[in-house]
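Colleague: This one is target-v2.csv, CSV, C-alpha atoms.
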chain,number,residue,atom,x,y,z
A,594,LYS,CA,-17.5,198.9,184.8
A,595,SER,CA,-17.6,196.4,187.6
A,596,ILE,CA,-19.4,195.3,190.7
A,597,SER,CA,-17.4,193.9,193.6
A,598,LEU,CA,-17.6,193.0,197.3
A,599,GLY,CA,-14.8,194.2,199.6
A,600,GLY,CA,-14.0,194.8,203.2
A,601,THR,CA,-13.1,192.9,206.3
A,602,ASN,CA,-15.9,190.3,206.2
A,603,LYS,CA,-16.8,190.1,202.5
A,604,SER,CA,-17.0,186.3,202.6
A,605,ASP,CA,-20.1,186.6,204.8
A,606,PHE,CA,-22.0,188.4,202.0
A,607,THR,CA,-23.0,187.4,198.5
A,608,GLU,CA,-23.7,189.5,195.4
A,609,SER,CA,-25.7,188.7,192.3
A,610,GLN,CA,-26.8,191.0,189.5
A,611,SER,CA,-28.6,191.1,186.2
A,612,CYS,CA,-26.2,193.5,184.6
A,613,GLY,CA,-24.5,190.9,182.4
A,614,GLY,CA,-21.2,189.1,183.0
A,615,SER,CA,-20.0,187.8,186.4
A,616,LEU,CA,-18.3,191.0,187.5
A,617,GLY,CA,-18.7,193.4,184.7
A,618,PHE,CA,-21.5,195.0,182.7
A,619,ALA,CA,-22.1,197.2,179.7
A,620,MET,CA,-25.5,199.0,179.4
A,621,ALA,CA,-27.2,201.3,176.9
A,622,GLY,CA,-28.6,204.6,178.1
A,623,ARG,CA,-31.8,204.5,180.1
A,624,SER,CA,-31.2,200.8,180.9
A,625,TYR,CA,-31.3,199.3,184.3
A,626,CYS,CA,-30.3,196.2,186.1
A,627,THR,CA,-30.8,194.7,189.6
A,628,ILE,CA,-28.1,194.1,192.1
A,629,ALA,CA,-28.9,191.8,195.1
A,630,VAL,CA,-26.8,191.4,198.2
A,631,GLY,CA,-27.3,188.6,200.7
A,632,PHE,CA,-25.9,188.0,204.2
A,633,SER,CA,-24.9,184.4,204.9
A,634,PRO,CA,-22.3,184.3,207.7
A,635,ALA,CA,-20.4,181.1,208.5
A,636,LYS,CA,-21.2,179.4,211.8
A,637,THR,CA,-18.0,180.8,213.2
A,638,SER,CA,-18.9,184.4,212.1
A,639,VAL,CA,-20.3,185.7,215.3
A,640,GLY,CA,-21.1,189.4,216.1
A,641,ALA,CA,-21.0,192.4,213.8
A,642,ARG,CA,-19.9,191.7,210.2
A,643,THR,CA,-19.1,194.5,207.7
A,644,ALA,CA,-18.3,194.7,204.0
A,645,THR,CA,-18.8,197.0,201.0
A,646,VAL,CA,-20.3,196.6,197.5
A,647,THR,CA,-18.7,198.9,195.0
A,648,ILE,CA,-20.3,199.7,191.6
A,649,THR,CA,-17.9,201.2,189.1
A,650,PRO,CA,-19.6,202.4,185.9
A,651,ALA,CA,-17.8,202.8,182.5
A,652,SER,CA,-18.0,206.6,183.1
A,653,GLY,CA,-18.6,208.6,186.2
A,654,ALA,CA,-17.8,208.1,189.8
A,655,ALA,CA,-17.8,204.7,191.6
A,656,MET,CA,-20.5,204.2,194.2
A,657,THR,CA,-19.8,202.3,197.4
A,658,VAL,CA,-22.5,201.0,199.8
A,659,GLN,CA,-21.6,199.9,203.3
A,660,LEU,CA,-23.0,196.5,204.4
A,661,THR,CA,-23.6,195.3,207.9
A,662,GLY,CA,-25.0,192.2,209.5
A,663,THR,CA,-24.8,190.3,212.8
A,664,GLY,CA,-23.8,186.7,212.9
A,665,LYS,CA,-25.2,184.6,215.7
For the file at hand, write its structure as structure tokens.
Modeller:
Amino acid sequence: KSISLGGTNKSDFTESQSCGGSLGFAMAGRSYCTIAVGFSPAKTSVGARTATVTITPASGAAMTVQLTGTGK
């Protein structure tokens, strides 16, 4: 029951969510929440940048989404 950023360039991405708590959540059946991911690379972050966001529910399998962006 968590949401986390991971991967090589995770500091170039931001995550926010409406699931409750800063990194965890508990939801009743048929509920939903919004997870937003942003790309905000540092000035020194040039070229392809990669990371992942992993959503781990209280029950069931974790879901991982690959993130990519290009810093200029």
Colleague: Could you jot down the CA of Ile596 in chain A to CA of Val639 in chain A separation for me, Å, one decimal place?
Modeller: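 Straight-line distance from CA of Ile596 in chain A to CA of Val639 in chain A works out to 26.4 Å.
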Colleague: Got a sec to check which residues sit within 12 Å of (-25.0, 185.4, 216.4), counting only C-alpha atoms, and write them as a list in words?
Modeller: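 Neighbouring residues, ordered by chain and number, come to Ser633, Pro634, Ala635, Lys636, Thr637, Ser638, Val639, Gly640, Ala641, Arg642, Gly662, Thr663, Gly664 and Lys665 of chain A.
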Colleague: Could you tell me which of A:Leu660, A:Ala654, A:Ile628, A:Cys612 comes closest to Gly600 in chain A if we count only C-alpha atoms?
Modeller: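 Between A:Leu660, A:Ala654, A:Ile628, A:Cys612, the residue approaching Gly600 in chain A most closely is A:Leu660.
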Colleague: Name all residues at most 9 Å from Gln659 in chain A (count all atoms listed in the file; drop same-chain ones fewer than 5 positions away) and give them as a ChimeraX atom specification.
Modeller: /A:643-647
Colleague: Using all atoms listed in the file, which of A:Ile648, A:Thr627, A:Lys594, A:Phe632 sits nearest Thr607 in chain A?
Modeller: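 Among the listed residues, A:Phe632 lies closest to Thr607 in chain A.
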Colleague: Please, what distance in Å, to one decimal, runs between CA of Ser597 in chain A and CA of Ala651 in chain A?
Modeller: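 Interatomic distance here is 14.2 Å.
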Colleague: For a cutoff of 9 Å around the file-coordinate point (-30.2, 196.1, 192.2), which residues qualify once you count only C-alpha atoms? I'd like the result as a ChimeraX atom specification.
Modeller: /A:609-612,625-630
